[in-house]
$ cat model_33.cif   # mmCIF, C-alpha atoms and all ligand atoms
data_entry
loop_
_atom_site.group_PDB
_atom_site.id
_atom_site.type_symbol
_atom_site.label_atom_id
_atom_site.label_comp_id
_atom_site.auth_asym_id
_atom_site.auth_seq_id
_atom_site.Cartn_x
_atom_site.Cartn_y
_atom_site.Cartn_z
ATOM 1 C CA MET A 1 -26.918 131.112 -97.538
ATOM 2 C CA LYS A 2 -25.798 130.017 -100.986
ATOM 3 C CA PRO A 3 -22.937 132.559 -101.265
ATOM 4 C CA VAL A 4 -21.701 131.366 -97.875
ATOM 5 C CA ILE A 5 -21.714 127.746 -99.019
ATOM 6 C CA ASP A 6 -20.031 128.746 -102.277
ATOM 7 C CA SER A 7 -17.296 130.581 -100.467
ATOM 8 C CA LEU A 8 -16.843 127.651 -98.087
ATOM 9 C CA LEU A 9 -16.588 125.274 -101.040
ATOM 10 C CA HIS A 10 -14.050 127.551 -102.683
ATOM 11 C CA LEU A 11 -12.141 127.809 -99.501
ATOM 12 C CA SER A 12 -12.079 124.052 -98.968
ATOM 13 C CA SER A 13 -11.131 123.272 -102.567
ATOM 14 C CA PHE A 14 -8.463 125.922 -102.394
ATOM 15 C CA ARG A 15 -7.136 124.279 -99.246
ATOM 16 C CA VAL A 16 -7.184 120.857 -100.826
ATOM 17 C CA PHE A 17 -5.392 122.271 -103.832
ATOM 18 C CA ARG A 18 -2.794 123.880 -101.597
ATOM 19 C CA VAL A 19 -2.321 120.703 -99.590
ATOM 20 C CA PHE A 20 -1.734 118.556 -102.655
ATOM 21 C CA ARG A 21 0.619 121.065 -104.237
ATOM 22 C CA ARG A 22 2.950 120.778 -101.313
ATOM 23 C CA PRO A 23 5.387 117.872 -101.232
ATOM 24 C CA PRO A 24 3.966 115.019 -99.094
ATOM 25 C CA PHE A 25 6.806 115.069 -96.554
ATOM 26 C CA GLN A 26 5.798 118.597 -95.586
ATOM 27 C CA GLN A 27 2.215 117.692 -94.715
ATOM 28 C CA GLY A 28 2.606 114.626 -92.607
ATOM 29 C CA LEU A 29 1.033 112.550 -95.403
ATOM 30 C CA VAL A 30 3.794 109.983 -95.352
ATOM 31 C CA PRO A 31 3.527 109.197 -91.622
ATOM 32 C CA CYS A 32 -0.284 109.216 -91.974
ATOM 33 C CA LEU A 33 -0.245 106.701 -94.818
ATOM 34 C CA THR A 34 2.312 104.543 -93.010
ATOM 35 C CA LEU A 35 0.072 104.454 -89.934
ATOM 36 C CA LEU A 36 -2.991 103.664 -92.078
ATOM 37 C CA GLY A 37 -1.102 100.863 -93.813
ATOM 38 C CA LEU A 38 -0.059 99.448 -90.458
ATOM 39 C CA LEU A 39 -3.660 99.549 -89.186
ATOM 40 C CA PHE A 40 -4.907 97.770 -92.317
ATOM 41 C CA THR A 41 -2.199 95.125 -91.962
ATOM 42 C CA MET A 42 -3.150 94.595 -88.321
ATOM 43 C CA ALA A 43 -6.860 94.349 -89.198
ATOM 44 C CA GLY A 44 -6.049 91.854 -91.987
ATOM 45 C CA SER A 45 -3.951 89.591 -89.803
ATOM 46 C CA ALA A 46 -6.519 89.668 -87.000
ATOM 47 C CA GLU A 47 -9.155 88.312 -89.370
ATOM 48 C CA GLU A 48 -9.279 84.659 -90.432
ATOM 49 C CA LYS A 49 -8.027 84.330 -93.992
ATOM 50 C CA ALA A 50 -10.310 82.208 -96.199
ATOM 51 C CA MET A 51 -8.674 79.000 -97.416
ATOM 52 C CA PRO A 52 -7.504 79.312 -101.045
ATOM 53 C CA VAL A 53 -9.623 77.402 -103.565
ATOM 54 C CA VAL A 54 -8.597 76.789 -107.208
ATOM 55 C CA SER A 55 -11.418 78.169 -109.338
ATOM 56 C CA ARG A 56 -13.190 76.029 -111.936
ATOM 57 C CA ALA A 57 -12.059 78.428 -114.676
ATOM 58 C CA THR A 58 -8.460 77.775 -113.580
ATOM 59 C CA TRP A 59 -8.612 73.965 -113.699
ATOM 60 C CA ASP A 60 -10.856 73.898 -116.784
ATOM 61 C CA PRO A 61 -10.191 77.093 -118.757
ATOM 62 C CA ASP A 62 -11.727 75.731 -121.976
ATOM 63 C CA GLY A 63 -14.702 73.985 -120.378
ATOM 64 C CA GLY A 64 -17.185 76.841 -120.680
ATOM 65 C CA GLU A 65 -19.969 77.835 -118.328
ATOM 66 C CA SER A 66 -22.451 75.745 -116.343
ATOM 67 C CA ASP A 67 -25.777 74.962 -118.006
ATOM 68 C CA VAL A 68 -27.908 76.787 -115.463
ATOM 69 C CA ALA A 69 -31.171 75.555 -117.030
ATOM 70 C CA LYS A 70 -30.246 71.980 -116.035
ATOM 71 C CA MET A 71 -29.626 72.825 -112.361
ATOM 72 C CA LYS A 72 -31.827 73.714 -109.419
ATOM 73 C CA LYS A 73 -31.188 76.473 -106.925
ATOM 74 C CA HIS A 74 -31.379 75.271 -103.323
ATOM 75 C CA GLY A 75 -34.971 75.646 -102.186
ATOM 76 C CA LYS A 76 -33.767 76.129 -98.606
ATOM 77 C CA PRO A 77 -30.656 77.329 -96.777
ATOM 78 C CA ILE A 78 -27.653 74.974 -96.587
ATOM 79 C CA PHE A 79 -28.289 72.682 -93.613
ATOM 80 C CA SER A 80 -25.821 69.865 -94.255
ATOM 81 C CA ILE A 81 -22.374 69.050 -95.637
ATOM 82 C CA VAL A 82 -22.016 65.645 -97.284
ATOM 83 C CA LEU A 83 -18.610 64.005 -97.791
ATOM 84 C CA HIS A 84 -17.845 61.945 -100.914
ATOM 85 C CA HIS A 85 -14.961 60.384 -102.786
ATOM 86 C CA THR A 86 -14.558 60.343 -106.568
ATOM 87 C CA GLN A 87 -13.556 56.648 -106.456
ATOM 88 C CA THR A 88 -11.043 57.339 -109.207
ATOM 89 C CA PRO A 89 -7.427 56.047 -109.060
ATOM 90 C CA ASN A 90 -5.268 57.575 -106.307
ATOM 91 C CA GLU A 91 -2.872 59.690 -108.322
ATOM 92 C CA PRO A 92 -0.380 62.544 -107.877
ATOM 93 C CA ALA A 93 -1.650 66.082 -107.382
ATOM 94 C CA ALA A 94 -0.171 67.089 -110.754
ATOM 95 C CA MET A 95 -2.816 64.937 -112.477
ATOM 96 C CA GLU A 96 -5.776 66.339 -110.579
ATOM 97 C CA ARG A 97 -6.789 69.113 -112.967
ATOM 98 C CA ALA A 98 -6.972 66.645 -115.865
ATOM 99 C CA ARG A 99 -8.920 64.215 -113.647
ATOM 100 C CA LEU A 100 -11.393 66.962 -112.713
ATOM 101 C CA ARG A 101 -11.851 67.889 -116.373
ATOM 102 C CA GLY A 102 -12.600 64.243 -117.137
ATOM 103 C CA ILE A 103 -15.170 63.996 -114.332
ATOM 104 C CA ARG A 104 -16.739 67.283 -115.414
ATOM 105 C CA ARG A 105 -17.017 66.089 -119.011
ATOM 106 C CA PHE A 106 -18.550 62.792 -117.827
ATOM 107 C CA HIS A 107 -21.115 64.538 -115.619
ATOM 108 C CA ARG A 108 -22.121 67.017 -118.302
ATOM 109 C CA GLU A 109 -21.949 64.904 -121.443
ATOM 110 C CA ASP A 110 -22.790 61.399 -120.226
ATOM 111 C CA LYS A 111 -24.987 62.146 -117.221
ATOM 112 C CA GLY A 112 -26.540 65.250 -118.806
ATOM 113 C CA TRP A 113 -26.082 67.357 -115.683
ATOM 114 C CA GLY A 114 -25.646 71.142 -115.855
ATOM 115 C CA GLU A 115 -22.280 71.052 -114.087
ATOM 116 C CA ILE A 116 -19.879 68.733 -112.258
ATOM 117 C CA ALA A 117 -21.942 67.177 -109.446
ATOM 118 C CA TYR A 118 -19.947 68.317 -106.385
ATOM 119 C CA HIS A 119 -19.428 71.795 -104.974
ATOM 120 C CA TYR A 120 -15.834 71.327 -103.780
ATOM 121 C CA PHE A 121 -12.953 68.867 -104.107
ATOM 122 C CA VAL A 122 -9.895 68.145 -101.986
ATOM 123 C CA GLY A 123 -6.807 66.747 -103.721
ATOM 124 C CA ALA A 124 -4.002 64.395 -102.658
ATOM 125 C CA GLU A 125 -1.850 67.210 -101.277
ATOM 126 C CA GLY A 126 -4.743 69.141 -99.790
ATOM 127 C CA THR A 127 -5.388 71.398 -102.791
ATOM 128 C CA LEU A 128 -8.976 72.694 -102.754
ATOM 129 C CA TYR A 129 -10.865 72.960 -106.045
ATOM 130 C CA ALA A 130 -14.181 74.692 -106.733
ATOM 131 C CA GLY A 131 -16.799 72.628 -108.553
ATOM 132 C CA ARG A 132 -20.455 73.490 -109.000
ATOM 133 C CA ASP A 133 -21.568 76.918 -107.783
ATOM 134 C CA PRO A 134 -22.685 76.248 -104.162
ATOM 135 C CA GLY A 135 -25.882 78.214 -104.868
ATOM 136 C CA HIS A 136 -27.090 75.304 -107.004
ATOM 137 C CA ALA A 137 -28.038 71.904 -105.590
ATOM 138 C CA GLY A 138 -25.679 69.081 -106.568
ATOM 139 C CA ASP A 139 -26.456 65.976 -108.597
ATOM 140 C CA SER A 140 -26.143 62.295 -107.768
ATOM 141 C CA GLY A 141 -26.589 58.860 -109.250
ATOM 142 C CA THR A 142 -28.116 57.828 -105.905
ATOM 143 C CA ARG A 143 -31.441 58.948 -104.505
ATOM 144 C CA TYR A 144 -31.402 61.555 -101.740
ATOM 145 C CA ASP A 145 -32.607 65.107 -101.443
ATOM 146 C CA LEU A 146 -29.798 67.337 -102.671
ATOM 147 C CA GLU A 147 -31.414 70.636 -101.777
ATOM 148 C CA GLY A 148 -29.730 72.419 -98.882
ATOM 149 C CA ARG A 149 -26.760 70.050 -99.037
ATOM 150 C CA LEU A 150 -23.207 71.107 -99.785
ATOM 151 C CA LEU A 151 -21.214 68.322 -101.438
ATOM 152 C CA VAL A 152 -17.506 68.059 -100.608
ATOM 153 C CA CYS A 153 -15.629 65.360 -102.482
ATOM 154 C CA VAL A 154 -12.161 63.910 -101.851
ATOM 155 C CA LEU A 155 -10.283 62.980 -105.047
ATOM 156 C CA GLY A 156 -9.351 59.294 -105.052
ATOM 157 C CA ASP A 157 -10.579 55.869 -103.957
ATOM 158 C CA PHE A 158 -10.889 55.394 -100.196
ATOM 159 C CA MET A 159 -12.437 51.967 -99.980
ATOM 160 C CA GLU A 160 -9.230 50.474 -98.581
ATOM 161 C CA ARG A 161 -6.865 53.343 -97.902
ATOM 162 C CA LEU A 162 -7.159 56.769 -96.348
ATOM 163 C CA PRO A 163 -6.451 60.138 -97.958
ATOM 164 C CA SER A 164 -3.074 61.614 -96.907
ATOM 165 C CA GLU A 165 -2.758 63.246 -93.511
ATOM 166 C CA THR A 166 -2.516 66.631 -95.254
ATOM 167 C CA THR A 167 -5.727 65.987 -97.202
ATOM 168 C CA ARG A 168 -7.571 64.936 -94.031
ATOM 169 C CA ALA A 169 -6.349 68.027 -92.152
ATOM 170 C CA VAL A 170 -7.409 70.337 -95.007
ATOM 171 C CA LEU A 171 -10.762 68.533 -95.258
ATOM 172 C CA VAL A 172 -11.401 69.138 -91.537
ATOM 173 C CA ASP A 173 -10.446 72.830 -91.726
ATOM 174 C CA PHE A 174 -12.398 73.411 -94.925
ATOM 175 C CA VAL A 175 -15.522 71.733 -93.561
ATOM 176 C CA VAL A 176 -15.278 73.874 -90.418
ATOM 177 C CA GLU A 177 -14.906 77.001 -92.577
ATOM 178 C CA ARG A 178 -18.080 76.007 -94.498
ATOM 179 C CA LEU A 179 -19.955 75.264 -91.238
ATOM 180 C CA ARG A 180 -19.149 78.770 -90.035
ATOM 181 C CA GLU A 181 -20.067 80.301 -93.400
ATOM 182 C CA HIS A 182 -23.521 78.741 -93.219
ATOM 183 C CA GLY A 183 -24.051 79.135 -89.475
ATOM 184 C CA LEU A 184 -24.046 75.369 -88.867
ATOM 185 C CA LYS A 185 -22.728 73.136 -86.092
ATOM 186 C CA PRO A 186 -20.451 70.073 -86.538
ATOM 187 C CA ASP A 187 -23.431 67.694 -86.353
ATOM 188 C CA ALA A 188 -24.433 69.018 -89.807
ATOM 189 C CA VAL A 189 -21.563 67.040 -91.370
ATOM 190 C CA THR A 190 -22.414 63.621 -92.744
ATOM 191 C CA THR A 191 -21.209 61.199 -95.414
ATOM 192 C CA HIS A 192 -22.897 60.035 -98.592
ATOM 193 C CA GLN A 193 -23.543 56.525 -97.217
ATOM 194 C CA MET A 194 -25.237 58.013 -94.159
ATOM 195 C CA VAL A 195 -27.918 59.590 -96.378
ATOM 196 C CA ALA A 196 -28.170 57.241 -99.399
ATOM 197 C CA ALA A 197 -27.611 53.652 -100.513
ATOM 198 C CA THR A 198 -23.924 53.716 -101.519
ATOM 199 C CA ASP A 199 -20.481 52.808 -100.159
ATOM 200 C CA CYS A 200 -19.237 56.367 -100.891
ATOM 201 C CA PRO A 201 -16.958 57.903 -99.482
ATOM 202 C CA GLY A 202 -15.322 54.476 -99.197
ATOM 203 C CA THR A 203 -15.075 52.094 -96.252
ATOM 204 C CA ALA A 204 -11.747 53.446 -94.965
ATOM 205 C CA LEU A 205 -12.791 57.096 -95.140
ATOM 206 C CA GLN A 206 -16.174 56.291 -93.592
ATOM 207 C CA GLU A 207 -14.464 54.530 -90.663
ATOM 208 C CA TRP A 208 -12.079 57.461 -90.245
ATOM 209 C CA PHE A 209 -15.013 59.892 -90.224
ATOM 210 C CA LYS A 210 -16.789 57.933 -87.498
ATOM 211 C CA SER A 211 -13.728 57.292 -85.331
ATOM 212 C CA GLU A 212 -11.568 60.413 -85.808
ATOM 213 C CA GLY A 213 -12.951 62.796 -88.439
ATOM 214 C CA LYS A 214 -16.083 63.839 -86.573
ATOM 215 C CA ALA A 215 -14.091 64.487 -83.391
ATOM 216 C CA ALA A 216 -11.430 66.431 -85.334
ATOM 217 C CA ILE A 217 -14.160 68.610 -86.880
ATOM 218 C CA GLU A 218 -15.672 69.244 -83.434
ATOM 219 C CA ARG A 219 -12.266 70.176 -81.991
ATOM 220 C CA ALA A 220 -11.407 72.536 -84.873
ATOM 221 C CA TYR A 221 -14.875 74.091 -84.671
ATOM 222 C CA ALA A 222 -14.467 74.769 -80.933
ATOM 223 C CA GLU A 223 -11.112 76.564 -81.414
HETATM 224 ZN ZN ZN A 301 -20.775 60.126 -102.885
#
$ encode --input "model_33.cif" --output "structure tokens"
Amino acid sequence: MKPVIDSLLHLSSFRVFRVFRRPPFQQGLVPCLTLLGLLFTMAGSAEEKAMPVVSRATWDPDGGESDVAKMKKHGKPIFSIVLHHTQTPNEPAAMERARLRGIRRFHREDKGWGEIAYHYFVGAEGTLYAGRDPGHAGDSGTRYDLEGRLLVCVLGDFMERLPSETTRAVLVDFVVERLREHGLKPDAVTTHQMVAATDCPGTALQEWFKSEGKAAIERAYAE
């Protein structure tokens, strides 16, 4: 049996060798690769592309790693998404990376947390930023159980005004993407003041969530 296998192996390697020695246009390689490329392109466009998120290392390249010892892994699967605002001045998108670095420094150095408290941020022009690794529970100055909760925070102060239309649209789409990622339904989305004693995410944003945001999330989820 072995000599047969050996001769087959020789034969096949010889064939491979012969095939690759010949110019590609003679072997139909070019049309084959073109067709493969086309199929991959079609498969790619048929799939939903994940929304782009600016990594923490990009907005804070000198900030170092999270202090894992100071954080807790979720003790249960993600069951809820909680919306917040940073309640910092409403400022142009160009200032957001510096603002995030400031918040991160405050959370780590002043609060003594292992990482910036929130898992994701949405900026004034709808830019998405990664915060704490979603595998770790967030932190809060208020009292509520953070395990199994994904914290999504809008940059700015929304006590009296709303985030831009773009920011709200991105927030809705991003929340729906996270719901799907974790196998959740739209009723899993809540706001900070619905689970703890606080006025976060601001009166205006809270009102929007109740009147329009929830419905927009349900519509986008159903699409
Ligand atoms: Zn909050």
$ residues_near_ligand --input "model_33.cif" --ligand "ligand ZN 301 (chain A)" --cutoff "6 Å" --atoms "all atoms listed in the file" --output "list of chain:residue names"
A:His84, A:His85, A:His192, A:Cys200, A:Pro201
$ closest_residue --input "model_33.cif" --among "A:Leu151, A:Leu162, A:Val53, A:Ala215" --to "Pro186 of chain A" --atoms "all atoms listed in the file"
A:Ala215
$ resolve_selection --input "model_33.cif" --expression "the PyMOL selection byres (((chain A and resi 214) around 12) and not hetatm)" --output "VMD selection string"
chain A and resid 83 168 to 169 171 to 173 175 to 176 185 to 191 205 to 213 215 to 221
$ closest_residue --input "model_33.cif" --among "A:Gly135, A:Gly123, A:Gly183, A:Gly64" --to "Asn90 of chain A" --atoms "all atoms listed in the file"
A:Gly123
$ axis_aligned_box --input "model_33.cif" --around "segment 136-155 of chain A" --padding-each-side "3 Å" --output "AutoDock Vina command-line options"
--center_x -21.4 --center_y 66.6 --center_z -104.1 --size_x 28.3 --size_y 23.5 --size_z 16.4
$ closest_residue --input "model_33.cif" --among "A:Val195, A:Leu150, A:Leu179, A:Met51" --to "Tyr129 of chain A" --atoms "only C-alpha atoms"
A:Met51
$ atom_distance --input "model_33.cif" --atom1 "atom CA of Glu165 of chain A" --atom2 "atom CA of Thr142 of chain A"
28.7 Å
$ atom_distance --input "model_33.cif" --atom1 "atom CA of Thr88 of chain A" --atom2 "atom CA of His74 of chain A"
27.7 Å
$ residues_around --input "model_33.cif" --residues "Asp62 of chain A" --least-positions-apart "2" --cutoff "12 Å" --atoms "only C-alpha atoms" --output "tab-separated table (two decimals) with C-alpha atoms, keeping the file's coordinate frame"
chain	number	residue	atom	x	y	z
A	56	ARG	CA	-13.19	76.03	-111.94
A	57	ALA	CA	-12.06	78.43	-114.68
A	58	THR	CA	-8.46	77.78	-113.58
A	59	TRP	CA	-8.61	73.96	-113.70
A	60	ASP	CA	-10.86	73.90	-116.78
A	64	GLY	CA	-17.18	76.84	-120.68
A	65	GLU	CA	-19.97	77.83	-118.33
A	98	ALA	CA	-6.97	66.64	-115.86
A	101	ARG	CA	-11.85	67.89	-116.37
A	104	ARG	CA	-16.74	67.28	-115.41
A	105	ARG	CA	-17.02	66.09	-119.01
$ atom_distance --input "model_33.cif" --atom1 "atom CA of Val154 of chain A" --atom2 "atom CA of Ala137 of chain A"
18.2 Å
$ resolve_selection --input "model_33.cif" --expression "the PyMOL selection byres (((chain A and resi 110-121) around 8) and not hetatm)" --output "count of residues only"
31
$ closest_residue --input "model_33.cif" --among "A:Thr127, A:Ser80, A:Ser55, A:Thr166" --to "Glu181 of chain A" --atoms "all atoms listed in the file"
A:Ser80
$ build_atoms --input "model_33.cif" --residues "segment 137-153 of chain A" --atoms "N, CA and C atoms" --output "compact mmCIF listing (two decimals), in the coordinates of the input"
# COMPACT_ATOMS: atom_id res chain seq x y z
N ALA A 137 -28.07 73.24 -106.18
CA ALA A 137 -28.04 71.90 -105.59
C ALA A 137 -27.18 70.99 -106.46
N GLY A 138 -26.52 70.02 -105.84
CA GLY A 138 -25.68 69.08 -106.57
C GLY A 138 -26.50 68.06 -107.34
N ASP A 139 -25.79 67.09 -107.91
CA ASP A 139 -26.46 65.98 -108.60
C ASP A 139 -25.88 64.68 -108.06
N SER A 140 -26.61 63.59 -108.26
CA SER A 140 -26.14 62.30 -107.77
C SER A 140 -26.78 61.16 -108.55
N GLY A 141 -26.03 60.07 -108.66
CA GLY A 141 -26.59 58.86 -109.25
C GLY A 141 -27.43 58.10 -108.24
N THR A 142 -27.33 58.47 -106.96
CA THR A 142 -28.12 57.83 -105.90
C THR A 142 -29.30 58.73 -105.55
N ARG A 143 -30.25 58.16 -104.82
CA ARG A 143 -31.44 58.95 -104.50
C ARG A 143 -31.37 59.52 -103.09
N TYR A 144 -31.24 60.82 -103.00
CA TYR A 144 -31.40 61.56 -101.74
C TYR A 144 -31.65 63.00 -102.10
N ASP A 145 -32.25 63.72 -101.16
CA ASP A 145 -32.61 65.11 -101.44
C ASP A 145 -31.35 65.98 -101.41
N LEU A 146 -31.03 66.57 -102.56
CA LEU A 146 -29.80 67.34 -102.67
C LEU A 146 -29.96 68.81 -102.31
N GLU A 147 -31.19 69.22 -102.10
CA GLU A 147 -31.41 70.64 -101.78
C GLU A 147 -30.98 70.94 -100.34
N GLY A 148 -30.22 72.03 -100.20
CA GLY A 148 -29.73 72.42 -98.88
C GLY A 148 -28.49 71.63 -98.46
N ARG A 149 -27.95 70.83 -99.37
CA ARG A 149 -26.76 70.05 -99.04
C ARG A 149 -25.57 70.53 -99.85
N LEU A 150 -24.45 70.70 -99.15
CA LEU A 150 -23.21 71.11 -99.78
C LEU A 150 -22.35 69.85 -99.95
N LEU A 151 -21.92 69.58 -101.17
CA LEU A 151 -21.21 68.32 -101.44
C LEU A 151 -19.71 68.57 -101.54
N VAL A 152 -18.97 67.93 -100.63
CA VAL A 152 -17.51 68.06 -100.61
C VAL A 152 -16.91 66.69 -100.92
N CYS A 153 -16.08 66.64 -101.95
CA CYS A 153 -15.63 65.36 -102.48
C CYS A 153 -14.10 65.25 -102.42
